[in-house]
Amino acid sequence: MREVEESFDTTAAEQLEVANSDVAVVIESLNLFYGDKQVLKDINLKVPKRGVTAFIGPSGCGKSTLLRCFNRMNDLVDDCFIEGRIEVFGHNVMSRKTDINHLRQQVGMVFQRPNPFPKSIFENVVFGLRLRGVKNQRVLNDEAEHALRLAGLWGEVKDHLDESALTLSLGQQQRLVIARAIAVKPSILLLDEPTSALDPISTLTIEELINTLKSEFTIVIVTHNMQQAARVSDRTAFMNMGALVEYGDTNTLFTIPKKKETEDYITGRYG
Amino acid sequence: MKTFHFVQQMMRGGTPWVWLTSGCISIILLAALGLVGLITVKGLTYFWPQPLVQYQMAHDDHSINRLGLLMATKTRKLPHFTGSNNALVQESLIHYYDDVRGRMAFQWVDTQQTQFQRPQSAVVVKLSNGQTLLGYLTSSDKQPLTSGAADFETASAKQLVPPYKGDSVTILTASGTPIPLVSDVIIELYPPNTMGLVDKLGYFFTHFSQFISQGDFNENGQKGVFPAIFGTVFLVFLMTIMVAPLGVVAAIYLFEYAQNTITTRIIRIAVVNLAGVPSIVFGVFGLGFFVYFIGSGIDNAFYSESLPNPTFGEPGVLWSALTMALLTLPVVIVSTEEGLSRIPKNTKRGCVALGATRFETLYKVLLPMASPAIITGLILAIARAAGEVAPLMLVGVVKSAPTLPVDGTFPFIHLDRQFMHLGFEIFDSGFQSPNMDSSAPLVYATAMLLILVILMLNITAVSLRNHLSVKYQAMLD
């Protein structure tokens with residue numbers, strides 16, 4: 001038995017040892033196809049609770065696609081076919097019985113470009129709460145303030161909550177979108193290249209925000225910026241050509257990578 | 001060589017393009033302004049008092065005097081067979097009224113051979129029985145008031161206002177017959193030849209407001225198009241109410257729920273092609289399907305006690321609105337779908353990622369954001385429906401409807417009734433009347449009103465759209 005585990009130890013999936021009770025997401029032998037094209041190849045991955053997990057890798061390596069499996073956003077793609085097992089807090093989300101809308105409330109997501117709705121700042125923040133049927137104005141007010149404070153936006157917008165969210169700067173919009181996502185109290189927050197459309201100052205603000213949020217949420221971030229991954233994440237997964245190459249503690253991965261591919265990529269010799 | 005270089009330089013700079021494009025716009029602008037200007041000017045003259053002229057004309061072996069309204073003058077070439085090679089003749093169109101029955105007649109009079117006089121005391125009298133009388137206002141001794149200024153001022157003051165009750169007036173016709181009239185029967189009396197500009201403007205506005213506010217057979221014998229205006233607007237509203245949900249829902253299905261298969265593609269092509277089907281075909285379909293099939297079905301099921309008199313089984317405003325809705329459906333579907341597809345995928349994803357179902361995403365985010373595009377589609381639909389006449393002639397429009405489709409009797413909105421329409425009025429008064437020349441002003445006036453109605457409907461819709469666009473524009477840029 002011991003030997004079997006030893007032999008598994010060399011695979012990417014098992015490089016990070018996580019006790020089962022502390023696992024947020026488990027992905028087992030996940031294969032994903034867009035039509036005939038295989039985008040993800042046999043992914044095995046465990047994301048522990050709390051902290052920040054980063055996915056890095058060259059463009060088109062499938063890191064965003066993998067992230068979208070967590071809350072089944074790939075359902076929106078017409079000819080997407082997935083096999084394998086994805087468990088979020090012990091529930092198989094690939095099951096037909098899964099309430100997708102409930103899953104997405106548990107697993108919030110923030111996208112590359114800020115996408116506030118053409119509504120007021122307040123309505124944006126409480127959008128998810130209203131979807132869940134919260135009607136009490138006091139509850140909405142409190143939750144909105146709480147979410148905006150968490151997102152570090154409260155001080156900037158508290159005096160004009162009724163103004164259109166589109167009047168905010170891109171960086172503010174992205175923090176508003178994060179506030180909108182955390183207002184519904186998800187357990188996991190997926191960030192899909194959240195700073196790639198932002199200027200360096202806004203990027204820094206978002207990174208600080210991630211640092212404050214990581215004690216409360218399980219954060220999974222996809223980034224093409226290795227420095228960012230090194231700055232904000234506790235664990236890093238390096239992906240290439242649809243496969244998970246290496247997964248481990250961020251410091252270890254960036255300082256003493258085990259695989260040649262990883263080393264090439266992080267030292268800039270890749271492609 | 002230098003010139004060639006200069007031309008080359010100019011072509012590269014794009015100056016000829018600017019001229020070409022702006023030239024095209026100017027031509028379009030001129031055409032539009034010309035159209036609207038011509039229709040407005042010609043239409044407004046319909047309400048302007050025309051001068052009364054007296055002239056002599058040969059009748060058998062003697063000449064008779066005749067009074068008439070000088071409507072228009074135009075020059076035309078004499079035809080070849082008259083022997084006069086390319087001779088020009090100037091003619092005036094005169095409207096005159098039968099002394100006995102008061103019916104209107106018209107004739108073309110050669111102005112070069114006839115002497116026109118504009119007698120000061122000539123008046124137009126409109127009677128309550130619909131007749132019109134042209135003649136001279138006389139004093140009690142039955143002499144024409146030619147220059148009695150004092151007397152005439154009273155007459156002038158009475159214009160447009162029926163003389164006081166109990167007064168009696170005697171009108172001397174052009175042939176010299178005195179016609180005594182009790183003032184009760186006089187609706188309108190005015191001396192067009194002595195009216196000043198202010199009087200004429202007063203006449204103009206009174207007649208214009210009567211024209212747009214009164215029915216076909218109103219009490220003062222003047223034609224009014226209010227039922228037609230009402231019918232046009234009512235039809236458009238009814239059509240909009242029907243086409244908006246139908247088109248939007250169809251577009252939602254095509255955009256959001258339907259898979260991109262061969263069938264969907266065929267449906268899309270069919271929808272676009274539906275826009276190219278001639279409107280009269282829709283009329284035929286409406287008559288066959290809505291009126292004869294569905295209408296008769298409703299009659300058999302619910303109104304069997306009043307059969308064989310049809311209730312819904314005959315052309316009516318409901319069937320017209322449905323036919324029009326079908327006609328304008330493609331425009332609404334296409335523009336709604338376009339509006340939905342212009343919304344960034346990112347916004348939709350953001351909503352879905354918050355746990356919204358497809359329906360919630362549509363209802364709370366996509367539809368509000370597509371609403372300016374939907375209303376643009378409705379504007380196009382309204383513009384098309386308001387100007388369409390051909391299919392309506394088959395499914396509900398009539399020359400004169402005794403009642404409006406909305407009135408005070410229960411159930412207040414009578415969708416089974418036939419109705420009047422400005423477009424049909426133009427067709428009917430212009431091309432079904434015995435004399436096109438004399439009905440031309442009426443045609444222009446009606447056309448002017450139709451354009452005005454369409455303009456107002458569009459302005460309403462456009463301002464609504466602009467209001468919505470302000471809310472969502474920043475998102476779509």
# chains A, B, ... in the order shown; residues from 1 in each chain; ligands from 1
>>> select_by_dssp(residues="segment 318-409 of chain B", states="helix (DSSP H, G or I)", output="PDB file with N, CA and C atoms, in the first residue's frame")
ATOM      1  N   LEU B 318     -59.690  44.252 -35.946  1.00  0.00           N
ATOM      2  CA  LEU B 318     -58.867  43.222 -35.315  1.00  0.00           C
ATOM      3  C   LEU B 318     -58.067  42.453 -36.356  1.00  0.00           C
ATOM      4  N   TRP B 319     -58.756  42.073 -37.418  1.00  0.00           N
ATOM      5  CA  TRP B 319     -58.078  41.287 -38.467  1.00  0.00           C
ATOM      6  C   TRP B 319     -57.051  42.154 -39.194  1.00  0.00           C
ATOM      7  N   SER B 320     -57.374  43.428 -39.350  1.00  0.00           N
ATOM      8  CA  SER B 320     -56.406  44.330 -39.987  1.00  0.00           C
ATOM      9  C   SER B 320     -55.141  44.423 -39.148  1.00  0.00           C
ATOM     10  N   ALA B 321     -55.344  44.568 -37.835  1.00  0.00           N
ATOM     11  CA  ALA B 321     -54.180  44.697 -36.953  1.00  0.00           C
ATOM     12  C   ALA B 321     -53.356  43.419 -36.965  1.00  0.00           C
ATOM     13  N   LEU B 322     -54.035  42.277 -36.984  1.00  0.00           N
ATOM     14  CA  LEU B 322     -53.309  41.005 -37.017  1.00  0.00           C
ATOM     15  C   LEU B 322     -52.531  40.852 -38.323  1.00  0.00           C
ATOM     16  N   THR B 323     -53.176  41.218 -39.423  1.00  0.00           N
ATOM     17  CA  THR B 323     -52.489  41.135 -40.718  1.00  0.00           C
ATOM     18  C   THR B 323     -51.270  42.041 -40.729  1.00  0.00           C
ATOM     19  N   MET B 324     -51.444  43.256 -40.198  1.00  0.00           N
ATOM     20  CA  MET B 324     -50.335  44.198 -40.141  1.00  0.00           C
ATOM     21  C   MET B 324     -49.223  43.685 -39.226  1.00  0.00           C
ATOM     22  N   ALA B 325     -49.628  43.035 -38.131  1.00  0.00           N
ATOM     23  CA  ALA B 325     -48.637  42.492 -37.205  1.00  0.00           C
ATOM     24  C   ALA B 325     -47.793  41.433 -37.906  1.00  0.00           C
ATOM     25  N   LEU B 326     -48.460  40.629 -38.707  1.00  0.00           N
ATOM     26  CA  LEU B 326     -47.758  39.596 -39.454  1.00  0.00           C
ATOM     27  C   LEU B 326     -46.795  40.216 -40.454  1.00  0.00           C
ATOM     28  N   LEU B 327     -47.272  41.293 -41.069  1.00  0.00           N
ATOM     29  CA  LEU B 327     -46.483  41.986 -42.095  1.00  0.00           C
ATOM     30  C   LEU B 327     -45.209  42.586 -41.510  1.00  0.00           C
ATOM     31  N   THR B 328     -45.312  43.077 -40.272  1.00  0.00           N
ATOM     32  CA  THR B 328     -44.175  43.787 -39.682  1.00  0.00           C
ATOM     33  C   THR B 328     -43.371  42.894 -38.744  1.00  0.00           C
ATOM     34  N   LEU B 329     -43.816  41.651 -38.598  1.00  0.00           N
ATOM     35  CA  LEU B 329     -43.138  40.728 -37.682  1.00  0.00           C
ATOM     36  C   LEU B 329     -41.645  40.558 -37.989  1.00  0.00           C
ATOM     37  N   PRO B 330     -41.263  40.370 -39.252  1.00  0.00           N
ATOM     38  CA  PRO B 330     -39.834  40.143 -39.533  1.00  0.00           C
ATOM     39  C   PRO B 330     -38.951  41.278 -39.030  1.00  0.00           C
ATOM     40  N   VAL B 331     -39.419  42.508 -39.204  1.00  0.00           N
ATOM     41  CA  VAL B 331     -38.609  43.654 -38.776  1.00  0.00           C
ATOM     42  C   VAL B 331     -38.326  43.573 -37.286  1.00  0.00           C
ATOM     43  N   VAL B 332     -39.360  43.251 -36.522  1.00  0.00           N
ATOM     44  CA  VAL B 332     -39.203  43.196 -35.067  1.00  0.00           C
ATOM     45  C   VAL B 332     -38.294  42.034 -34.670  1.00  0.00           C
ATOM     46  N   ILE B 333     -38.510  40.885 -35.302  1.00  0.00           N
ATOM     47  CA  ILE B 333     -37.683  39.714 -34.964  1.00  0.00           C
ATOM     48  C   ILE B 333     -36.212  40.000 -35.255  1.00  0.00           C
ATOM     49  N   VAL B 334     -35.955  40.511 -36.454  1.00  0.00           N
ATOM     50  CA  VAL B 334     -34.562  40.720 -36.852  1.00  0.00           C
ATOM     51  C   VAL B 334     -33.887  41.741 -35.942  1.00  0.00           C
ATOM     52  N   SER B 335     -34.578  42.841 -35.659  1.00  0.00           N
ATOM     53  CA  SER B 335     -33.887  43.858 -34.862  1.00  0.00           C
ATOM     54  C   SER B 335     -33.749  43.430 -33.403  1.00  0.00           C
ATOM     55  N   THR B 336     -34.714  42.654 -32.905  1.00  0.00           N
ATOM     56  CA  THR B 336     -34.571  42.164 -31.533  1.00  0.00           C
ATOM     57  C   THR B 336     -33.392  41.207 -31.416  1.00  0.00           C
ATOM     58  N   GLU B 337     -33.300  40.313 -32.399  1.00  0.00           N
ATOM     59  CA  GLU B 337     -32.199  39.350 -32.367  1.00  0.00           C
ATOM     60  C   GLU B 337     -30.859  40.074 -32.463  1.00  0.00           C
ATOM     61  N   GLU B 338     -30.842  41.107 -33.332  1.00  0.00           N
ATOM     62  CA  GLU B 338     -29.615  41.877 -33.482  1.00  0.00           C
ATOM     63  C   GLU B 338     -29.257  42.562 -32.160  1.00  0.00           C
ATOM     64  N   GLY B 339     -30.271  43.119 -31.514  1.00  0.00           N
ATOM     65  CA  GLY B 339     -30.043  43.785 -30.234  1.00  0.00           C
ATOM     66  C   GLY B 339     -29.514  42.816 -29.188  1.00  0.00           C
ATOM     67  N   LEU B 340     -30.082  41.605 -29.162  1.00  0.00           N
ATOM     68  CA  LEU B 340     -29.631  40.611 -28.187  1.00  0.00           C
ATOM     69  C   LEU B 340     -28.201  40.190 -28.467  1.00  0.00           C
ATOM     70  N   SER B 341     -27.868  40.072 -29.758  1.00  0.00           N
ATOM     71  CA  SER B 341     -26.525  39.574 -30.060  1.00  0.00           C
ATOM     72  C   SER B 341     -25.471  40.664 -29.879  1.00  0.00           C
ATOM     73  N   ARG B 342     -25.915  41.931 -29.778  1.00  0.00           N
ATOM     74  CA  ARG B 342     -24.945  43.007 -29.561  1.00  0.00           C
ATOM     75  C   ARG B 342     -24.511  43.097 -28.105  1.00  0.00           C
ATOM     76  N   LYS B 345     -20.948  39.114 -24.529  1.00  0.00           N
ATOM     77  CA  LYS B 345     -21.080  37.781 -23.928  1.00  0.00           C
ATOM     78  C   LYS B 345     -20.690  37.821 -22.451  1.00  0.00           C
ATOM     79  N   ASN B 346     -19.735  38.707 -22.180  1.00  0.00           N
ATOM     80  CA  ASN B 346     -19.190  38.847 -20.842  1.00  0.00           C
ATOM     81  C   ASN B 346     -20.263  39.221 -19.820  1.00  0.00           C
ATOM     82  N   THR B 347     -21.153  40.127 -20.237  1.00  0.00           N
ATOM     83  CA  THR B 347     -22.220  40.560 -19.337  1.00  0.00           C
ATOM     84  C   THR B 347     -23.148  39.400 -19.018  1.00  0.00           C
ATOM     85  N   LYS B 348     -23.485  38.654 -20.069  1.00  0.00           N
ATOM     86  CA  LYS B 348     -24.369  37.514 -19.887  1.00  0.00           C
ATOM     87  C   LYS B 348     -23.711  36.490 -18.956  1.00  0.00           C
ATOM     88  N   ARG B 349     -22.410  36.248 -19.183  1.00  0.00           N
ATOM     89  CA  ARG B 349     -21.691  35.287 -18.356  1.00  0.00           C
ATOM     90  C   ARG B 349     -21.683  35.733 -16.898  1.00  0.00           C
ATOM     91  N   GLY B 350     -21.489  37.047 -16.708  1.00  0.00           N
ATOM     92  CA  GLY B 350     -21.472  37.575 -15.350  1.00  0.00           C
ATOM     93  C   GLY B 350     -22.759  37.279 -14.619  1.00  0.00           C
ATOM     94  N   CYS B 351     -23.849  37.374 -15.360  1.00  0.00           N
ATOM     95  CA  CYS B 351     -25.155  37.137 -14.746  1.00  0.00           C
ATOM     96  C   CYS B 351     -25.338  35.652 -14.449  1.00  0.00           C
ATOM     97  N   VAL B 352     -24.969  34.816 -15.408  1.00  0.00           N
ATOM     98  CA  VAL B 352     -25.106  33.372 -15.213  1.00  0.00           C
ATOM     99  C   VAL B 352     -24.229  32.914 -14.041  1.00  0.00           C
ATOM    100  N   ALA B 353     -23.031  33.493 -13.937  1.00  0.00           N
ATOM    101  CA  ALA B 353     -22.099  33.083 -12.887  1.00  0.00           C
ATOM    102  C   ALA B 353     -22.602  33.437 -11.496  1.00  0.00           C
ATOM    103  N   ARG B 358     -31.424  30.796 -17.013  1.00  0.00           N
ATOM    104  CA  ARG B 358     -31.513  31.393 -18.343  1.00  0.00           C
ATOM    105  C   ARG B 358     -32.606  32.440 -18.392  1.00  0.00           C
ATOM    106  N   PHE B 359     -33.747  32.082 -17.810  1.00  0.00           N
ATOM    107  CA  PHE B 359     -34.880  33.004 -17.857  1.00  0.00           C
ATOM    108  C   PHE B 359     -34.564  34.281 -17.086  1.00  0.00           C
ATOM    109  N   GLU B 360     -33.949  34.109 -15.894  1.00  0.00           N
ATOM    110  CA  GLU B 360     -33.609  35.299 -15.100  1.00  0.00           C
ATOM    111  C   GLU B 360     -32.607  36.184 -15.829  1.00  0.00           C
ATOM    112  N   THR B 361     -31.647  35.552 -16.499  1.00  0.00           N
ATOM    113  CA  THR B 361     -30.667  36.315 -17.263  1.00  0.00           C
ATOM    114  C   THR B 361     -31.355  37.126 -18.354  1.00  0.00           C
ATOM    115  N   LEU B 362     -32.270  36.460 -19.052  1.00  0.00           N
ATOM    116  CA  LEU B 362     -32.998  37.138 -20.122  1.00  0.00           C
ATOM    117  C   LEU B 362     -33.804  38.300 -19.585  1.00  0.00           C
ATOM    118  N   TYR B 363     -34.553  37.995 -18.545  1.00  0.00           N
ATOM    119  CA  TYR B 363     -35.547  38.920 -18.043  1.00  0.00           C
ATOM    120  C   TYR B 363     -34.914  40.105 -17.328  1.00  0.00           C
ATOM    121  N   LYS B 364     -33.814  39.830 -16.588  1.00  0.00           N
ATOM    122  CA  LYS B 364     -33.250  40.893 -15.759  1.00  0.00           C
ATOM    123  C   LYS B 364     -32.125  41.653 -16.430  1.00  0.00           C
ATOM    124  N   VAL B 365     -31.435  41.032 -17.361  1.00  0.00           N
ATOM    125  CA  VAL B 365     -30.274  41.714 -17.949  1.00  0.00           C
ATOM    126  C   VAL B 365     -30.395  41.872 -19.463  1.00  0.00           C
ATOM    127  N   LEU B 366     -30.651  40.769 -20.162  1.00  0.00           N
ATOM    128  CA  LEU B 366     -30.577  40.837 -21.623  1.00  0.00           C
ATOM    129  C   LEU B 366     -31.690  41.692 -22.227  1.00  0.00           C
ATOM    130  N   LEU B 367     -32.935  41.431 -21.824  1.00  0.00           N
ATOM    131  CA  LEU B 367     -34.036  42.176 -22.431  1.00  0.00           C
ATOM    132  C   LEU B 367     -33.977  43.675 -22.158  1.00  0.00           C
ATOM    133  N   PRO B 368     -33.708  44.081 -20.895  1.00  0.00           N
ATOM    134  CA  PRO B 368     -33.570  45.533 -20.692  1.00  0.00           C
ATOM    135  C   PRO B 368     -32.483  46.146 -21.566  1.00  0.00           C
ATOM    136  N   MET B 369     -31.383  45.412 -21.732  1.00  0.00           N
ATOM    137  CA  MET B 369     -30.299  45.964 -22.538  1.00  0.00           C
ATOM    138  C   MET B 369     -30.639  45.962 -24.014  1.00  0.00           C
ATOM    139  N   ALA B 370     -31.504  45.050 -24.445  1.00  0.00           N
ATOM    140  CA  ALA B 370     -31.865  45.001 -25.861  1.00  0.00           C
ATOM    141  C   ALA B 370     -33.052  45.903 -26.171  1.00  0.00           C
ATOM    142  N   SER B 371     -33.630  46.517 -25.138  1.00  0.00           N
ATOM    143  CA  SER B 371     -34.868  47.261 -25.373  1.00  0.00           C
ATOM    144  C   SER B 371     -34.728  48.404 -26.379  1.00  0.00           C
ATOM    145  N   PRO B 372     -33.614  49.145 -26.424  1.00  0.00           N
ATOM    146  CA  PRO B 372     -33.519  50.156 -27.486  1.00  0.00           C
ATOM    147  C   PRO B 372     -33.615  49.541 -28.882  1.00  0.00           C
ATOM    148  N   ALA B 373     -32.990  48.379 -29.063  1.00  0.00           N
ATOM    149  CA  ALA B 373     -33.040  47.726 -30.376  1.00  0.00           C
ATOM    150  C   ALA B 373     -34.445  47.231 -30.675  1.00  0.00           C
ATOM    151  N   ILE B 374     -35.125  46.729 -29.643  1.00  0.00           N
ATOM    152  CA  ILE B 374     -36.495  46.266 -29.844  1.00  0.00           C
ATOM    153  C   ILE B 374     -37.365  47.428 -30.288  1.00  0.00           C
ATOM    154  N   ILE B 375     -37.166  48.580 -29.633  1.00  0.00           N
ATOM    155  CA  ILE B 375     -37.997  49.727 -29.986  1.00  0.00           C
ATOM    156  C   ILE B 375     -37.634  50.255 -31.366  1.00  0.00           C
ATOM    157  N   THR B 376     -36.363  50.156 -31.733  1.00  0.00           N
ATOM    158  CA  THR B 376     -36.004  50.520 -33.109  1.00  0.00           C
ATOM    159  C   THR B 376     -36.790  49.652 -34.089  1.00  0.00           C
ATOM    160  N   GLY B 377     -36.873  48.372 -33.801  1.00  0.00           N
ATOM    161  CA  GLY B 377     -37.660  47.479 -34.645  1.00  0.00           C
ATOM    162  C   GLY B 377     -39.109  47.897 -34.697  1.00  0.00           C
ATOM    163  N   LEU B 378     -39.650  48.275 -33.539  1.00  0.00           N
ATOM    164  CA  LEU B 378     -41.051  48.702 -33.504  1.00  0.00           C
ATOM    165  C   LEU B 378     -41.254  49.988 -34.294  1.00  0.00           C
ATOM    166  N   ILE B 379     -40.250  50.892 -34.239  1.00  0.00           N
ATOM    167  CA  ILE B 379     -40.363  52.137 -35.009  1.00  0.00           C
ATOM    168  C   ILE B 379     -40.468  51.811 -36.493  1.00  0.00           C
ATOM    169  N   LEU B 380     -39.607  50.926 -36.953  1.00  0.00           N
ATOM    170  CA  LEU B 380     -39.652  50.537 -38.364  1.00  0.00           C
ATOM    171  C   LEU B 380     -41.000  49.885 -38.686  1.00  0.00           C
ATOM    172  N   ALA B 381     -41.465  49.063 -37.760  1.00  0.00           N
ATOM    173  CA  ALA B 381     -42.747  48.393 -37.967  1.00  0.00           C
ATOM    174  C   ALA B 381     -43.879  49.413 -38.057  1.00  0.00           C
ATOM    175  N   ILE B 382     -43.853  50.387 -37.153  1.00  0.00           N
ATOM    176  CA  ILE B 382     -44.898  51.415 -37.142  1.00  0.00           C
ATOM    177  C   ILE B 382     -44.867  52.205 -38.440  1.00  0.00           C
ATOM    178  N   ALA B 383     -43.657  52.589 -38.858  1.00  0.00           N
ATOM    179  CA  ALA B 383     -43.535  53.381 -40.076  1.00  0.00           C
ATOM    180  C   ALA B 383     -44.092  52.607 -41.261  1.00  0.00           C
ATOM    181  N   ARG B 384     -43.835  51.310 -41.273  1.00  0.00           N
ATOM    182  CA  ARG B 384     -44.345  50.535 -42.402  1.00  0.00           C
ATOM    183  C   ARG B 384     -45.855  50.356 -42.309  1.00  0.00           C
ATOM    184  N   ALA B 385     -46.329  50.054 -41.104  1.00  0.00           N
ATOM    185  CA  ALA B 385     -47.754  49.750 -40.953  1.00  0.00           C
ATOM    186  C   ALA B 385     -48.621  50.970 -41.188  1.00  0.00           C
ATOM    187  N   ALA B 386     -48.141  52.137 -40.765  1.00  0.00           N
ATOM    188  CA  ALA B 386     -48.983  53.327 -40.882  1.00  0.00           C
ATOM    189  C   ALA B 386     -49.170  53.730 -42.337  1.00  0.00           C
ATOM    190  N   GLY B 387     -48.228  53.379 -43.188  1.00  0.00           N
ATOM    191  CA  GLY B 387     -48.342  53.798 -44.570  1.00  0.00           C
ATOM    192  C   GLY B 387     -48.911  52.738 -45.495  1.00  0.00           C
ATOM    193  N   ALA B 390     -52.702  48.632 -49.091  1.00  0.00           N
ATOM    194  CA  ALA B 390     -53.202  47.548 -49.942  1.00  0.00           C
ATOM    195  C   ALA B 390     -53.822  46.384 -49.160  1.00  0.00           C
ATOM    196  N   PRO B 391     -53.119  45.825 -48.149  1.00  0.00           N
ATOM    197  CA  PRO B 391     -53.737  44.682 -47.470  1.00  0.00           C
ATOM    198  C   PRO B 391     -54.980  45.076 -46.679  1.00  0.00           C
ATOM    199  N   LEU B 392     -54.997  46.330 -46.213  1.00  0.00           N
ATOM    200  CA  LEU B 392     -56.131  46.764 -45.390  1.00  0.00           C
ATOM    201  C   LEU B 392     -57.431  46.778 -46.180  1.00  0.00           C
ATOM    202  N   MET B 393     -57.319  47.055 -47.484  1.00  0.00           N
ATOM    203  CA  MET B 393     -58.531  47.117 -48.293  1.00  0.00           C
ATOM    204  C   MET B 393     -59.251  45.787 -48.293  1.00  0.00           C
ATOM    205  N   LEU B 394     -58.517  44.707 -48.041  1.00  0.00           N
ATOM    206  CA  LEU B 394     -59.145  43.394 -48.036  1.00  0.00           C
ATOM    207  C   LEU B 394     -59.650  43.012 -46.655  1.00  0.00           C
ATOM    208  N   VAL B 395     -59.010  43.514 -45.609  1.00  0.00           N
ATOM    209  CA  VAL B 395     -59.316  42.968 -44.286  1.00  0.00           C
ATOM    210  C   VAL B 395     -59.952  43.961 -43.318  1.00  0.00           C
TER     211      VAL B 395
END
>>> interface_residues(of="chain A", to="chain B", cutoff="9 Å", atoms="only C-alpha atoms", output="VMD selection string")
chain A and resid 71 73 76 78 100 to 119 127 to 128 131 to 132 164 166 to 167 177 180 to 181 184
>>> residues_around(residues="segment 234-244 of chain A", least_positions_apart="5", cutoff="7 Å", atoms="only C-alpha atoms", output="compact mmCIF listing (two decimals) with N, CA and C atoms, in the first residue's frame")
# COMPACT_ATOMS: atom_id res chain seq x y z
N ALA A 12 1.74 14.67 -11.07
CA ALA A 12 1.49 16.07 -10.73
C ALA A 12 0.37 16.22 -9.71
N VAL A 39 -9.27 19.67 -25.07
CA VAL A 39 -8.69 20.87 -24.47
C VAL A 39 -8.04 20.55 -23.13
N LEU A 40 -8.64 19.64 -22.35
CA LEU A 40 -8.04 19.25 -21.07
C LEU A 40 -7.79 17.75 -21.09
N LYS A 41 -6.58 17.38 -20.68
CA LYS A 41 -6.20 15.97 -20.76
C LYS A 41 -5.92 15.42 -19.37
N ASP A 42 -6.80 14.56 -18.92
CA ASP A 42 -6.59 13.80 -17.70
C ASP A 42 -6.07 14.65 -16.54
N ILE A 43 -6.89 15.59 -16.13
CA ILE A 43 -6.50 16.49 -15.05
C ILE A 43 -6.86 15.86 -13.71
N GLY A 51 -7.12 30.16 1.32
CA GLY A 51 -5.90 30.41 0.58
C GLY A 51 -6.14 30.64 -0.90
N VAL A 52 -5.07 30.88 -1.62
CA VAL A 52 -5.16 31.21 -3.04
C VAL A 52 -4.42 30.15 -3.84
N THR A 53 -5.12 29.60 -4.84
CA THR A 53 -4.49 28.68 -5.76
C THR A 53 -4.42 29.37 -7.12
N ALA A 54 -3.24 29.35 -7.73
CA ALA A 54 -3.11 30.02 -9.01
C ALA A 54 -2.90 29.00 -10.11
N PHE A 55 -3.51 29.25 -11.28
CA PHE A 55 -3.24 28.45 -12.48
C PHE A 55 -2.42 29.32 -13.41
N ILE A 56 -1.25 28.85 -13.78
CA ILE A 56 -0.46 29.59 -14.76
C ILE A 56 -0.18 28.69 -15.95
N GLY A 57 0.28 29.32 -17.00
CA GLY A 57 0.58 28.55 -18.20
C GLY A 57 0.43 29.44 -19.42
N PRO A 58 0.98 28.99 -20.55
CA PRO A 58 0.88 29.81 -21.76
C PRO A 58 -0.56 29.91 -22.25
N CYS A 61 -3.53 27.05 -22.94
CA CYS A 61 -3.17 25.80 -22.29
C CYS A 61 -4.35 25.16 -21.58
N GLY A 62 -5.47 25.90 -21.51
CA GLY A 62 -6.67 25.32 -20.91
C GLY A 62 -6.90 25.71 -19.47
N LYS A 63 -6.14 26.69 -18.96
CA LYS A 63 -6.29 27.03 -17.55
C LYS A 63 -7.64 27.69 -17.26
N ASP A 249 3.39 23.98 -3.83
CA ASP A 249 3.54 25.20 -3.08
C ASP A 249 4.20 26.26 -3.97
N THR A 250 3.67 27.47 -3.93
CA THR A 250 4.13 28.50 -4.86
C THR A 250 5.63 28.75 -4.74
N THR A 262 8.33 23.28 -16.54
CA THR A 262 8.00 24.37 -15.62
C THR A 262 9.15 25.35 -15.53
>>> closest_atom_pairs(of="segment 173-284 of chain B", to="segment 63-66 of chain B", cutoff="9 Å", atoms="only C-alpha atoms", output="tab-separated table")
residue	atom	partner	partner_atom	distance
B:Thr173	CA	B:Arg66	CA	8.5
B:Ala174	CA	B:Arg66	CA	5.4
B:Ser175	CA	B:Asn65	CA	5.7
B:Gly176	CA	B:Asn65	CA	8.8
>>> residues_around(residues="segment 143-153 of chain A", least_positions_apart="3", cutoff="8 Å", atoms="only C-alpha atoms", output="VMD selection string")
chain A and resid 122 125 to 126 139 to 140 156 to 157 172 175 to 176 178 to 180 182 to 183 209 213
>>> residues_around(residues="Trp48 of chain B", least_positions_apart="4", cutoff="8 Å", atoms="only C-alpha atoms", output="list of chain:residue names")
B:Leu44, B:Lys200, B:Leu201, B:Tyr203, B:Phe204
>>> residues_around(residues="segment 72-78 of chain B", least_positions_apart="4", cutoff="6 Å", atoms="only C-alpha atoms", output="list in words")
Asn86, Ala87, Leu88, Val89, Gln90, Glu91, Ser92 and Leu93 of chain B
>>> select_by_dssp(residues="segment 94-212 of chain A", states="strand (DSSP E)", output="ChimeraX atom specification")
/A:107-110,188-192
>>> closest_residue(among="A:Asn225, A:Leu67, A:Arg269, A:Lys185", to="Thr203 of chain A", atoms="only C-alpha atoms")
A:Asn225
>>> atom_distance(atom1="atom CA of Thr212 of chain A", atom2="atom CA of Lys158 of chain A")
20.2 Å
